[in-house]
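J.: I am sharing target_11.cif, which consists of mmCIF, C-alpha atoms:
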```cif
data_structure
loop_
_atom_site.label_atom_id
_atom_site.label_comp_id
_atom_site.auth_asym_id
_atom_site.auth_seq_id
_atom_site.Cartn_x
_atom_site.Cartn_y
_atom_site.Cartn_z
CA MET Y 1 -18.25 -39.14 -5.82
CA ALA Y 2 -15.87 -40.88 -8.17
CA ALA Y 3 -16.93 -44.32 -9.37
CA GLY Y 4 -15.73 -47.32 -7.46
CA SER Y 5 -16.25 -46.04 -3.92
CA SER Y 6 -16.16 -48.58 -1.12
CA SER Y 7 -19.51 -50.20 -0.33
CA SER Y 8 -18.86 -49.62 3.35
CA MET Y 9 -19.17 -45.88 2.90
CA PRO Y 10 -22.71 -44.46 3.29
CA PRO Y 11 -24.07 -42.69 0.22
CA PRO Y 12 -23.90 -38.88 0.28
CA LYS Y 13 -26.93 -37.19 1.77
CA PRO Y 14 -29.01 -35.00 -0.53
CA VAL Y 15 -28.57 -31.26 -0.17
CA PRO Y 16 -30.66 -30.26 2.89
CA ALA Y 17 -33.50 -27.80 2.31
CA TRP Y 18 -32.52 -24.21 3.06
CA LEU Y 19 -35.35 -23.37 5.37
CA ASN Y 20 -37.00 -26.37 7.02
CA SER Y 21 -34.52 -29.24 7.29
CA ALA Y 22 -34.41 -30.72 10.78
CA ALA Y 23 -31.02 -32.28 9.98
CA TRP Y 24 -29.25 -29.04 10.85
CA ALA Y 25 -31.10 -28.26 14.08
CA SER Y 26 -27.99 -28.81 16.14
CA LYS Y 27 -26.79 -27.37 19.40
CA PRO Y 28 -25.20 -23.92 18.98
CA ARG Y 29 -21.45 -23.81 19.23
CA SER Y 30 -20.16 -22.37 22.47
CA PRO Y 31 -18.60 -18.91 22.17
CA VAL Y 32 -15.02 -18.90 20.97
CA ARG Y 33 -12.43 -17.69 23.42
CA SER Y 34 -9.43 -15.94 22.00
CA SER Y 35 -5.96 -17.30 22.60
CA TYR Y 36 -4.18 -14.08 23.36
CA SER Y 37 -3.87 -12.06 26.55
CA PHE Y 38 -4.05 -8.36 25.87
CA LYS Y 39 -3.27 -5.88 28.61
CA GLU Y 40 -6.30 -4.29 30.13
CA ILE Y 41 -7.41 -1.25 28.21
CA GLY Y 42 -10.18 0.95 29.50
CA THR Y 43 -13.40 1.16 27.58
CA ILE Y 44 -12.96 3.64 24.76
CA GLN Y 45 -16.19 5.12 23.51
CA ARG Y 46 -16.58 6.54 20.07
CA ASP Y 47 -19.45 8.73 18.93
CA LYS Y 48 -20.66 6.29 16.33
CA SER Y 49 -23.97 4.65 15.61
CA ALA Y 50 -24.40 1.00 14.70
CA PRO Y 51 -23.25 0.26 11.15
CA PRO Y 52 -26.33 -0.06 8.99
CA LEU Y 53 -26.93 -3.16 6.92
CA ALA Y 54 -26.54 -2.53 3.22
CA GLU Y 55 -29.62 -3.09 1.11
CA ILE Y 56 -30.40 -6.77 1.24
CA GLY Y 57 -31.93 -6.89 -2.21
CA ALA Y 58 -28.69 -6.03 -4.01
CA GLN Y 59 -27.75 -8.29 -6.88
CA GLU Y 60 -25.25 -11.09 -6.23
CA ASP Y 61 -21.70 -10.35 -7.33
CA ASN Y 62 -20.51 -12.12 -10.46
CA HIS Y 63 -17.78 -14.10 -8.74
CA PRO Y 64 -16.67 -17.42 -10.23
CA SER Y 65 -18.82 -20.07 -8.60
CA SER Y 66 -17.82 -23.52 -7.51
CA SER Y 67 -20.27 -25.06 -9.96
CA SER Y 68 -18.62 -23.60 -13.07
CA GLY Y 69 -15.58 -24.93 -14.82
CA GLY Y 70 -13.55 -28.05 -14.22
CA THR Y 71 -14.78 -31.58 -13.68
CA VAL Y 72 -18.09 -31.78 -11.89
CA ARG Y 73 -18.66 -34.98 -9.96
CA GLY Y 74 -22.04 -36.07 -8.72
CA GLY Y 75 -24.12 -35.16 -11.79
CA GLY Y 76 -25.83 -31.95 -12.73
CA GLY Y 77 -28.16 -30.64 -15.41
CA GLY Y 78 -30.69 -27.91 -15.84
CA GLN Y 79 -33.00 -29.07 -13.05
CA GLN Y 80 -30.14 -29.11 -10.54
CA THR Y 81 -29.04 -25.63 -11.68
CA ASP Y 82 -32.58 -24.31 -11.27
CA ALA Y 83 -32.79 -25.88 -7.83
CA LEU Y 84 -29.49 -24.32 -6.81
CA ASN Y 85 -30.55 -20.90 -8.07
CA GLN Y 86 -33.81 -21.20 -6.17
CA ALA Y 87 -31.91 -22.30 -3.08
CA ARG Y 88 -29.61 -19.29 -3.37
CA GLY Y 89 -32.60 -17.01 -3.61
CA ASN Y 90 -34.22 -18.64 -0.60
CA GLY Y 91 -30.92 -18.48 1.25
CA LEU Y 92 -30.48 -14.78 0.52
CA GLU Y 93 -33.92 -14.03 1.89
CA ALA Y 94 -33.52 -16.30 4.90
CA SER Y 95 -30.04 -14.98 5.75
CA SER Y 96 -31.27 -11.41 5.41
CA GLN Y 97 -34.15 -12.09 7.76
CA GLN Y 98 -31.88 -13.74 10.29
CA LEU Y 99 -29.37 -10.87 10.29
CA SER Y 100 -32.18 -8.33 10.55
CA ARG Y 101 -33.36 -9.74 13.87
CA ARG Y 102 -32.57 -7.73 16.96
CA ARG Y 103 -31.14 -10.85 18.57
CA ILE Y 104 -29.61 -13.34 16.15
CA HIS Y 105 -30.42 -17.00 16.64
CA LEU Y 106 -26.96 -18.54 16.34
CA ALA Y 107 -28.07 -22.11 15.59
CA GLU Y 108 -30.28 -20.91 12.74
CA LEU Y 109 -27.51 -18.71 11.32
CA GLN Y 110 -25.14 -21.68 11.47
CA ARG Y 111 -27.65 -23.83 9.62
CA LEU Y 112 -28.16 -21.28 6.87
CA SER Y 113 -24.46 -20.47 6.56
CA SER Y 114 -23.54 -24.14 6.20
CA GLN Y 115 -25.41 -24.15 2.89
CA GLY Y 116 -23.38 -21.22 1.55
CA ILE Y 117 -23.67 -17.54 2.38
CA PRO Y 118 -24.76 -15.24 -0.46
CA ASP Y 119 -22.21 -12.71 -1.70
CA SER Y 120 -24.80 -9.96 -1.86
CA ALA Y 121 -24.83 -6.90 0.39
CA SER Y 122 -23.01 -7.37 3.71
CA ILE Y 123 -24.37 -10.81 4.46
CA ARG Y 124 -21.16 -12.86 4.35
CA ALA Y 125 -19.09 -10.24 6.16
CA ILE Y 126 -21.59 -9.86 9.00
CA SER Y 127 -22.29 -13.59 9.20
CA TRP Y 128 -18.60 -14.47 9.55
CA LYS Y 129 -18.17 -11.87 12.30
CA VAL Y 130 -21.10 -13.32 14.24
CA LEU Y 131 -20.07 -16.94 13.65
CA LEU Y 132 -16.56 -16.19 14.91
CA GLY Y 133 -17.90 -14.48 18.02
CA TYR Y 134 -16.51 -11.06 17.08
CA LEU Y 135 -19.98 -9.53 16.87
CA PRO Y 136 -22.36 -10.34 19.75
CA LYS Y 137 -25.69 -11.96 18.98
CA ASN Y 138 -27.53 -8.88 20.22
CA GLN Y 139 -27.44 -6.21 17.50
CA ASP Y 140 -27.94 -3.46 20.07
CA ASP Y 141 -24.38 -4.15 21.27
CA TRP Y 142 -22.72 -3.99 17.86
CA ALA Y 143 -21.93 -0.28 17.78
CA THR Y 144 -20.31 -0.29 21.23
CA GLU Y 145 -18.35 -3.47 20.61
CA LEU Y 146 -17.07 -2.37 17.21
CA ALA Y 147 -16.02 1.05 18.48
CA LYS Y 148 -14.19 -0.52 21.41
CA LYS Y 149 -12.36 -3.18 19.37
CA ARG Y 150 -11.40 -0.80 16.57
CA ALA Y 151 -10.00 1.72 19.01
CA GLU Y 152 -8.17 -1.09 20.79
CA TYR Y 153 -6.50 -2.14 17.56
CA LEU Y 154 -5.47 1.45 16.87
CA ILE Y 155 -3.62 1.47 20.19
CA PHE Y 156 -1.81 -1.75 19.28
CA ARG Y 157 -0.87 -0.28 15.93
CA ASN Y 158 0.47 2.96 17.40
CA GLU Y 159 2.42 1.17 20.13
CA MET Y 160 3.92 -1.68 18.13
CA ILE Y 161 4.48 -0.42 14.62
CA ILE Y 162 7.01 2.39 14.51
CA ASN Y 163 8.85 3.45 11.39
CA PRO Y 164 12.56 2.51 11.67
CA SER Y 165 13.63 6.09 11.07
CA GLU Y 166 11.36 7.15 13.93
CA VAL Y 167 13.00 4.58 16.21
CA THR Y 168 16.41 5.98 15.33
CA ARG Y 169 15.25 9.55 15.80
CA ARG Y 170 13.78 8.80 19.22
CA LYS Y 171 16.91 6.93 20.26
CA GLU Y 172 19.21 9.77 19.21
CA GLN Y 173 16.98 12.31 20.87
CA MET Y 174 16.96 10.32 24.09
CA GLU Y 175 20.75 9.94 24.11
CA ALA Y 176 21.28 13.63 23.31
CA MET Y 177 19.02 14.66 26.18
CA LYS Y 178 20.82 12.27 28.51
CA ALA Y 179 24.25 13.54 27.46
CA ALA Y 180 23.19 17.16 27.85
CA ASP Y 181 21.82 16.46 31.30
CA MET Y 182 24.98 14.69 32.43
CA GLU Y 183 27.24 17.39 30.98
CA ALA Y 184 25.29 20.07 32.81
CA LYS Y 185 25.76 18.21 36.07
CA GLU Y 186 29.32 16.85 35.85
CA GLY Y 187 30.93 18.18 32.71
CA LEU Y 188 31.81 15.76 29.92
CA LEU Y 189 29.88 12.48 29.72
CA LEU Y 190 32.05 9.75 31.16
CA ARG Y 191 32.55 6.59 29.10
CA HIS Y 192 31.19 4.26 31.82
CA GLU Y 193 27.93 6.21 31.93
CA ILE Y 194 26.87 4.71 28.56
CA THR Y 195 25.18 1.40 29.44
CA HIS Y 196 25.73 -1.78 27.47
CA ASN Y 197 22.05 -1.98 26.50
CA ASP Y 198 22.22 1.43 24.83
CA HIS Y 199 24.80 0.21 22.33
CA PRO Y 200 23.54 -0.81 18.83
CA LEU Y 201 25.87 -3.85 18.81
CA SER Y 202 24.55 -5.13 22.14
CA LEU Y 203 23.38 -8.75 22.00
CA GLY Y 204 21.51 -8.56 25.30
CA SER Y 205 17.89 -9.64 25.13
CA SER Y 206 16.83 -6.52 27.02
CA SER Y 207 18.58 -4.19 24.58
CA VAL Y 208 16.25 -1.86 22.72
CA TRP Y 209 18.45 -2.32 19.67
CA HIS Y 210 18.24 -6.11 19.90
CA GLN Y 211 14.44 -5.86 19.95
CA PHE Y 212 14.51 -3.44 17.04
CA PHE Y 213 16.59 -5.84 14.91
CA GLN Y 214 14.28 -8.73 15.82
CA ASP Y 215 11.23 -6.73 14.77
CA THR Y 216 12.93 -5.80 11.51
CA GLU Y 217 13.64 -9.45 10.74
CA LEU Y 218 10.03 -10.37 11.58
CA ALA Y 219 8.68 -7.61 9.34
CA GLU Y 220 10.88 -8.76 6.45
CA GLN Y 221 9.64 -12.34 6.76
CA ILE Y 222 6.01 -11.22 6.77
CA ASN Y 223 6.66 -8.88 3.85
CA ARG Y 224 8.06 -11.72 1.71
CA ASP Y 225 5.03 -13.93 2.33
CA VAL Y 226 2.41 -11.21 1.91
CA LYS Y 227 3.84 -10.31 -1.50
CA ARG Y 228 3.17 -13.90 -2.57
CA THR Y 229 -0.44 -13.93 -1.38
CA HIS Y 230 -2.75 -14.78 -4.29
CA PRO Y 231 -0.52 -13.25 -6.99
CA ASP Y 232 -3.27 -13.90 -9.57
CA MET Y 233 -5.67 -11.49 -7.86
CA ASP Y 234 -5.43 -7.73 -8.41
CA PHE Y 235 -6.99 -7.23 -4.99
CA PHE Y 236 -3.82 -8.53 -3.34
CA CYS Y 237 -1.05 -8.15 -5.90
CA GLY Y 238 -2.20 -5.78 -8.61
CA PRO Y 239 -0.06 -2.80 -9.66
CA THR Y 240 -2.38 -0.34 -7.94
CA ALA Y 241 -2.44 1.78 -4.82
CA TYR Y 242 -5.46 -0.26 -3.70
CA ALA Y 243 -3.51 -3.54 -3.81
CA TYR Y 244 -0.56 -1.88 -2.03
CA GLU Y 245 -2.90 -0.65 0.70
CA ASN Y 246 -4.28 -4.17 1.15
CA GLN Y 247 -0.79 -5.65 1.38
CA GLU Y 248 0.20 -3.12 4.02
CA ALA Y 249 -2.90 -3.95 6.05
CA LEU Y 250 -2.09 -7.67 5.95
CA LYS Y 251 1.48 -6.95 7.08
CA ARG Y 252 0.33 -4.84 10.02
CA ILE Y 253 -2.18 -7.45 11.17
CA LEU Y 254 0.36 -10.27 11.07
CA PHE Y 255 3.07 -8.18 12.73
CA ILE Y 256 0.81 -7.13 15.60
CA PHE Y 257 -0.43 -10.70 16.04
CA ALA Y 258 3.17 -11.94 16.27
CA LYS Y 259 4.09 -9.28 18.82
CA LEU Y 260 1.08 -10.08 20.99
CA ASN Y 261 1.65 -13.84 20.75
CA PRO Y 262 5.36 -14.41 21.45
CA GLY Y 263 4.74 -18.12 22.02
CA ILE Y 264 3.59 -18.54 18.41
CA ARG Y 265 4.83 -15.41 16.67
CA TYR Y 266 4.47 -15.49 12.90
CA VAL Y 267 4.53 -18.79 11.01
CA GLN Y 268 4.71 -19.03 7.24
CA GLY Y 269 1.22 -19.60 5.86
CA MET Y 270 -0.64 -17.39 8.31
CA ASN Y 271 -0.95 -14.85 5.51
CA GLU Y 272 -3.02 -17.37 3.52
CA VAL Y 273 -5.38 -17.91 6.47
CA LEU Y 274 -5.79 -14.17 6.99
CA ALA Y 275 -6.44 -13.36 3.31
CA PRO Y 276 -10.07 -14.64 3.06
CA LEU Y 277 -11.10 -12.76 6.20
CA TYR Y 278 -9.59 -9.50 5.06
CA TYR Y 279 -10.99 -9.84 1.52
CA VAL Y 280 -14.55 -10.49 2.73
CA PHE Y 281 -14.47 -7.54 5.14
CA LYS Y 282 -12.73 -5.16 2.73
CA THR Y 283 -15.27 -5.87 -0.03
CA ASP Y 284 -18.22 -5.37 2.31
CA LYS Y 285 -20.87 -3.26 0.58
CA ASP Y 286 -21.16 -1.16 3.73
CA GLU Y 287 -18.46 1.48 3.23
CA ASP Y 288 -17.98 2.17 6.94
CA ASN Y 289 -17.34 -1.49 7.71
CA ALA Y 290 -15.06 -1.82 4.67
CA ALA Y 291 -13.02 1.12 5.94
CA HIS Y 292 -12.39 -0.82 9.16
CA ALA Y 293 -11.61 -4.14 7.49
CA GLU Y 294 -8.11 -4.20 8.96
CA GLU Y 295 -9.28 -3.94 12.56
CA ASP Y 296 -12.13 -6.41 12.12
CA ALA Y 297 -9.94 -8.90 10.26
CA PHE Y 298 -7.34 -8.80 13.04
CA PHE Y 299 -9.74 -9.81 15.79
CA CYS Y 300 -11.51 -12.41 13.63
CA PHE Y 301 -8.09 -13.83 12.69
CA VAL Y 302 -7.29 -14.19 16.38
CA GLU Y 303 -10.65 -15.88 17.01
CA LEU Y 304 -10.12 -18.30 14.12
CA LEU Y 305 -6.59 -19.21 15.15
CA SER Y 306 -7.79 -19.95 18.67
CA ASP Y 307 -9.06 -23.24 17.21
CA PHE Y 308 -5.87 -23.98 15.27
CA ARG Y 309 -3.07 -22.24 17.15
CA ASP Y 310 -1.49 -25.52 18.30
CA HIS Y 311 -0.88 -26.50 14.68
CA PHE Y 312 1.44 -23.51 14.32
CA CYS Y 313 3.47 -24.25 17.45
CA GLN Y 314 6.45 -26.44 16.58
CA GLN Y 315 6.97 -27.45 20.22
CA LEU Y 316 3.52 -29.14 20.17
CA ASP Y 317 3.97 -31.04 16.88
CA ASN Y 318 4.19 -34.42 18.62
CA SER Y 319 1.67 -33.68 21.38
CA ALA Y 320 -1.97 -34.72 21.58
CA VAL Y 321 -3.03 -31.31 20.25
CA GLY Y 322 -0.28 -30.84 17.65
CA ILE Y 323 -0.44 -31.13 13.88
CA ARG Y 324 0.76 -34.74 13.77
CA SER Y 325 -2.06 -35.80 16.08
CA THR Y 326 -4.59 -34.04 13.84
CA ILE Y 327 -3.18 -35.74 10.75
CA ALA Y 328 -3.47 -39.07 12.59
CA GLN Y 329 -7.16 -38.29 13.20
CA LEU Y 330 -7.63 -37.74 9.46
CA ASN Y 331 -5.87 -41.03 8.72
CA ALA Y 332 -8.11 -42.86 11.19
CA LEU Y 333 -11.21 -41.26 9.65
CA LEU Y 334 -10.17 -42.44 6.18
CA ARG Y 335 -9.61 -45.97 7.50
CA ARG Y 336 -13.12 -46.06 8.98
CA GLN Y 337 -14.68 -44.83 5.76
CA ASP Y 338 -12.66 -46.80 3.19
CA GLU Y 339 -10.09 -49.27 4.50
CA GLU Y 340 -9.09 -50.38 1.01
CA LEU Y 341 -8.11 -46.85 -0.01
CA TRP Y 342 -6.42 -46.26 3.34
CA ARG Y 343 -4.40 -49.47 3.00
CA HIS Y 344 -3.37 -48.61 -0.56
CA LEU Y 345 -2.09 -45.16 0.45
CA GLU Y 346 -0.48 -46.44 3.65
CA TYR Y 347 1.19 -49.64 2.47
CA THR Y 348 1.08 -49.98 -1.32
CA SER Y 349 1.92 -46.51 -2.63
CA LYS Y 350 3.33 -45.48 0.78
CA VAL Y 351 2.20 -41.86 0.61
CA ASN Y 352 2.74 -40.43 4.07
CA PRO Y 353 -0.30 -38.23 4.88
CA GLN Y 354 2.03 -35.54 6.21
CA PHE Y 355 3.19 -34.94 2.63
CA TYR Y 356 -0.19 -33.46 1.68
CA ALA Y 357 -2.38 -33.17 4.80
CA PHE Y 358 0.01 -30.85 6.62
CA ARG Y 359 -0.70 -28.05 4.16
CA TRP Y 360 -4.38 -28.95 3.84
CA ILE Y 361 -4.95 -28.61 7.58
CA THR Y 362 -2.65 -25.76 8.59
CA LEU Y 363 -3.81 -23.50 5.73
CA LEU Y 364 -7.48 -24.53 6.04
CA LEU Y 365 -7.51 -25.70 2.40
CA THR Y 366 -6.98 -22.18 1.08
CA GLN Y 367 -4.35 -23.42 -1.42
CA GLU Y 368 -6.23 -26.42 -2.81
CA PHE Y 369 -9.18 -24.64 -4.43
CA SER Y 370 -9.93 -21.41 -6.22
CA PHE Y 371 -10.21 -18.39 -3.95
CA PHE Y 372 -13.98 -18.12 -4.27
CA ASP Y 373 -14.47 -21.85 -3.74
CA SER Y 374 -12.45 -21.39 -0.55
CA LEU Y 375 -14.89 -18.71 0.60
CA ARG Y 376 -17.76 -21.15 0.09
CA LEU Y 377 -15.86 -23.81 1.99
CA TRP Y 378 -15.22 -21.40 4.85
CA ASP Y 379 -18.95 -20.71 5.14
CA SER Y 380 -19.25 -24.33 6.25
CA LEU Y 381 -16.08 -24.35 8.36
CA LEU Y 382 -17.07 -21.28 10.37
CA SER Y 383 -20.68 -22.34 10.81
CA ASN Y 384 -20.03 -25.83 12.12
CA PRO Y 385 -21.48 -26.11 15.67
CA ASP Y 386 -18.69 -28.52 16.66
CA GLY Y 387 -15.96 -26.17 15.50
CA PRO Y 388 -14.11 -25.80 12.20
CA LEU Y 389 -11.59 -28.60 12.80
CA GLU Y 390 -14.24 -31.32 12.87
CA ILE Y 391 -15.66 -30.48 9.45
CA LEU Y 392 -12.21 -29.64 8.07
CA LEU Y 393 -11.12 -33.23 8.67
CA ARG Y 394 -14.30 -34.55 7.05
CA VAL Y 395 -13.70 -32.37 3.98
CA CYS Y 396 -10.10 -33.58 3.75
CA CYS Y 397 -11.31 -37.18 3.93
CA ALA Y 398 -13.95 -36.45 1.27
CA MET Y 399 -11.20 -35.10 -0.97
CA LEU Y 400 -9.47 -38.48 -0.81
CA LEU Y 401 -12.70 -40.40 -1.42
CA CYS Y 402 -13.62 -38.26 -4.41
CA GLU Y 403 -10.35 -39.28 -6.08
CA ARG Y 404 -10.57 -42.91 -4.99
CA SER Y 405 -10.31 -44.54 -8.43
CA ARG Y 406 -7.26 -42.54 -9.48
CA LEU Y 407 -5.55 -43.04 -6.13
CA LEU Y 408 -6.09 -46.82 -6.19
CA ALA Y 409 -4.58 -46.95 -9.67
CA GLY Y 410 -1.62 -44.72 -8.81
CA ASP Y 411 1.82 -45.29 -7.38
CA PHE Y 412 3.76 -43.09 -4.96
CA THR Y 413 4.75 -40.47 -7.55
CA THR Y 414 1.37 -40.07 -9.25
CA ASN Y 415 -0.59 -40.10 -5.99
CA LEU Y 416 1.67 -37.57 -4.33
CA LYS Y 417 1.42 -35.27 -7.34
CA LEU Y 418 -2.37 -35.64 -7.38
CA LEU Y 419 -2.77 -34.81 -3.69
CA GLN Y 420 -0.31 -31.93 -3.70
CA HIS Y 421 -2.06 -30.43 -6.75
CA TYR Y 422 -5.65 -31.35 -6.08
CA PRO Y 423 -7.83 -31.26 -9.23
CA THR Y 424 -10.84 -29.03 -9.74
CA VAL Y 425 -13.93 -30.31 -7.99
CA ASP Y 426 -17.52 -29.19 -7.53
CA MET Y 427 -17.40 -27.66 -4.05
CA GLN Y 428 -21.08 -28.30 -3.37
CA HIS Y 429 -20.64 -31.99 -4.16
CA LEU Y 430 -17.48 -32.22 -2.05
CA LEU Y 431 -19.31 -30.73 0.93
CA ARG Y 432 -22.21 -33.17 0.45
CA VAL Y 433 -19.74 -36.06 0.55
CA ALA Y 434 -18.15 -34.62 3.69
CA ASP Y 435 -21.58 -34.26 5.27
CA GLY Y 436 -22.25 -37.94 4.66
CA LEU Y 437 -19.23 -39.06 6.68
CA SER Y 438 -19.47 -40.06 10.30
#
```
Would you mind giving the structure from this file in structure tokens?

T.:
Amino acid sequence: MAAGSSSSMPPPKPVPAWLNSAAWASKPRSPVRSSYSFKEIGTIQRDKSAPPLAEIGAQEDNHPSSSSGGTVRGGGGGQQTDALNQARGNGLEASSQQLSRRRIHLAELQRLSSQGIPDSASIRAISWKVLLGYLPKNQDDWATELAKKRAEYLIFRNEMIINPSEVTRRKEQMEAMKAADMEAKEGLLLRHEITHNDHPLSLGSSSVWHQFFQDTELAEQINRDVKRTHPDMDFFCGPTAYAYENQEALKRILFIFAKLNPGIRYVQGMNEVLAPLYYVFKTDKDEDNAAHAEEDAFFCFVELLSDFRDHFCQQLDNSAVGIRSTIAQLNALLRRQDEELWRHLEYTSKVNPQFYAFRWITLLLTQEFSFFDSLRLWDSLLSNPDGPLEILLRVCCAMLLCERSRLLAGDFTTNLKLLQHYPTVDMQHLLRVADGLS
């Protein structure tokens, strides 16, 4: 942590051992319940066996790690690097063993995942699906559940996403058939036979044209945001057919989610929350699972938002479950940990926490760190037995504490700039600080 921390704050705990620490033997989190109400769809079986795990011994991808580059707080050195490398090796083996069990022990998977899930093989992709409750703990049920959910998503996609030209063609075909039928019965189609809701200029909420124009507006909003998703990554925004395919998948997921959740619909920033899920599933070493990344990401996105959906509902902003209440919880946590820093931000520099914490919380910190640091952070968020919001607030508080000296020396302008453009930090150290908070 930065020098000058308040003496009232407990020192950060050392990194827990990967395999035998009793500190993480906590009660398993209760299964997540999704926030949407889909219409009942009969069980759809698919002749498909359970997706095999990719070889566990594959080498770790060379992604930028949180311990490289930028300012590292909390010390380091060769011994720490060796310890981290050994921990990663132990974690890879332990995670592999856990995911190879016929029935996964959720509390143990949560404990291992909180220390960072290895990038190798399919470990992170499978772990996230289990932690979010998308995959059942019993591996024998995976094949059936995946086939059912993926077929379910295909139905949503076929029913809700129709090419505009196809809508027009169907409409014209329907009207032509109706006119021909009426003409055969009574001669020429009378003017009063054409209902108001059939007219393209109809403003009625039940008009098929009104719904079509609403969907078009929704699709355009999603399209604008998806095109801005991680523009520095070829995976999302590169000039390739692969990047285009990934963008189209993100658009479909967000559009279907909005249609199925009319109370929330689409809110700007949801694309940033969806991106890590889709990336992890699309880059799964298991080709079959990667081919179904869109379907899997949709349901995991729904599961994740079940914990944060109230933050996206403007009508609940001032309620006990709205975003302002959550920001107030963060402010209270900071006051308990470091009243001097809290008082300086609140009264001296007068930086309203909504100016920075709103984005931190609603986007789950996806915009404050590098993409791969965010993946490491999400390992801890998704594995927390008390739910992701509890540790998210602790991480946000740790971010303030790690910049304590600069914040105490800053005024409104400098502090706001610092918190809206958070500097590079060692993610492992930040998570240790967050773990030390109570």

J.: Which residues fall under the PyMOL selection byres ((chain Y and resi 249) around 10) in this file, as a PDB file with C-alpha atoms, in the frame of the given file?

T.:
```
ATOM      1  CA  VAL Y 226       2.410 -11.210   1.910  1.00  0.00           C
ATOM      2  CA  ALA Y 243      -3.510  -3.540  -3.810  1.00  0.00           C
ATOM      3  CA  TYR Y 244      -0.560  -1.880  -2.030  1.00  0.00           C
ATOM      4  CA  GLU Y 245      -2.900  -0.650   0.700  1.00  0.00           C
ATOM      5  CA  ASN Y 246      -4.280  -4.170   1.150  1.00  0.00           C
ATOM      6  CA  GLN Y 247      -0.790  -5.650   1.380  1.00  0.00           C
ATOM      7  CA  GLU Y 248       0.200  -3.120   4.020  1.00  0.00           C
ATOM      8  CA  LEU Y 250      -2.090  -7.670   5.950  1.00  0.00           C
ATOM      9  CA  LYS Y 251       1.480  -6.950   7.080  1.00  0.00           C
ATOM     10  CA  ARG Y 252       0.330  -4.840  10.020  1.00  0.00           C
ATOM     11  CA  ILE Y 253      -2.180  -7.450  11.170  1.00  0.00           C
ATOM     12  CA  LEU Y 254       0.360 -10.270  11.070  1.00  0.00           C
ATOM     13  CA  PHE Y 255       3.070  -8.180  12.730  1.00  0.00           C
ATOM     14  CA  TYR Y 278      -9.590  -9.500   5.060  1.00  0.00           C
ATOM     15  CA  ALA Y 293     -11.610  -4.140   7.490  1.00  0.00           C
ATOM     16  CA  GLU Y 294      -8.110  -4.200   8.960  1.00  0.00           C
ATOM     17  CA  GLU Y 295      -9.280  -3.940  12.560  1.00  0.00           C
ATOM     18  CA  ALA Y 297      -9.940  -8.900  10.260  1.00  0.00           C
ATOM     19  CA  PHE Y 298      -7.340  -8.800  13.040  1.00  0.00           C
TER      20      PHE Y 298
END
```

J.: Taking (-8.3, -9.1, 12.3) as a centre in this file's frame and 12 Å as the limit, can you find every polymer residue with an atom that close, using only C-alpha atoms, and give them as a PyMOL selection string?

T.: chain Y and resi 34+128-129+132+134+149-150+152-154+249-257+270-271+273-282+292-305

J.: Pick the closest to Ser349 of chain Y from Y:Leu365, Y:Ala219, Y:Leu334, Y:Leu416: which is it, counting only C-alpha atoms?

T.: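 Closest candidate: Y:Leu416.
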
J.: To one decimal in Å, tell me the separation between atom CA of Val395 of chain Y and atom CA of Ala434 of chain Y.

T.: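 The value is 5.0 Å.
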
J.: Tell me which residues the PyMOL selection byres ((chain Y and resi 423) around 10) grabs here, as an NGL selection string.

T.: :Y and (70-71 or 368-369 or 399 or 403 or 418-422 or 424-425)

J.: Could the residues in this selection be saved with C-alpha atoms as a PDB file, in the frame of the given file?

T.:
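part_18.pdb, written as the output of this step:
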```pdb
ATOM      1  CA  GLY Y  70     -13.550 -28.050 -14.220  1.00  0.00           C
ATOM      2  CA  THR Y  71     -14.780 -31.580 -13.680  1.00  0.00           C
ATOM      3  CA  GLU Y 368      -6.230 -26.420  -2.810  1.00  0.00           C
ATOM      4  CA  PHE Y 369      -9.180 -24.640  -4.430  1.00  0.00           C
ATOM      5  CA  MET Y 399     -11.200 -35.100  -0.970  1.00  0.00           C
ATOM      6  CA  GLU Y 403     -10.350 -39.280  -6.080  1.00  0.00           C
ATOM      7  CA  LEU Y 418      -2.370 -35.640  -7.380  1.00  0.00           C
ATOM      8  CA  LEU Y 419      -2.770 -34.810  -3.690  1.00  0.00           C
ATOM      9  CA  GLN Y 420      -0.310 -31.930  -3.700  1.00  0.00           C
ATOM     10  CA  HIS Y 421      -2.060 -30.430  -6.750  1.00  0.00           C
ATOM     11  CA  TYR Y 422      -5.650 -31.350  -6.080  1.00  0.00           C
ATOM     12  CA  THR Y 424     -10.840 -29.030  -9.740  1.00  0.00           C
ATOM     13  CA  VAL Y 425     -13.930 -30.310  -7.990  1.00  0.00           C
TER      14      VAL Y 425
END
```

J.: Quick check, in Å to one decimal: how far apart do atom CA of Arg336 of chain Y and atom CA of Leu400 of chain Y lie?

T.: 12.9 Å

J.: Pick from Y:Trp378, Y:Ser405, Y:Ser306, Y:Tyr266: nearest to Glu220 of chain Y, with all atoms listed in the file counted?

T.: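 Using all atoms listed in the file, the shortest distance to Glu220 of chain Y belongs to Y:Tyr266.
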
J.: Running the PyMOL selection byres ((chain Y and resi 381) around 12) on this model by hand, what would come out? Give it as number ranges by chain.

T.: Y: 110-111, 113-117, 128, 131-132, 304, 307, 361, 364-366, 374-380, 382-396, 431, 434-435

J.: Would you work out the distance separating atom CA of Ala258 of chain Y from atom CA of Asn223 of chain Y, expressed in Å to one decimal?

T.: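 Separation between atom CA of Ala258 of chain Y and atom CA of Asn223 of chain Y: 13.3 Å.
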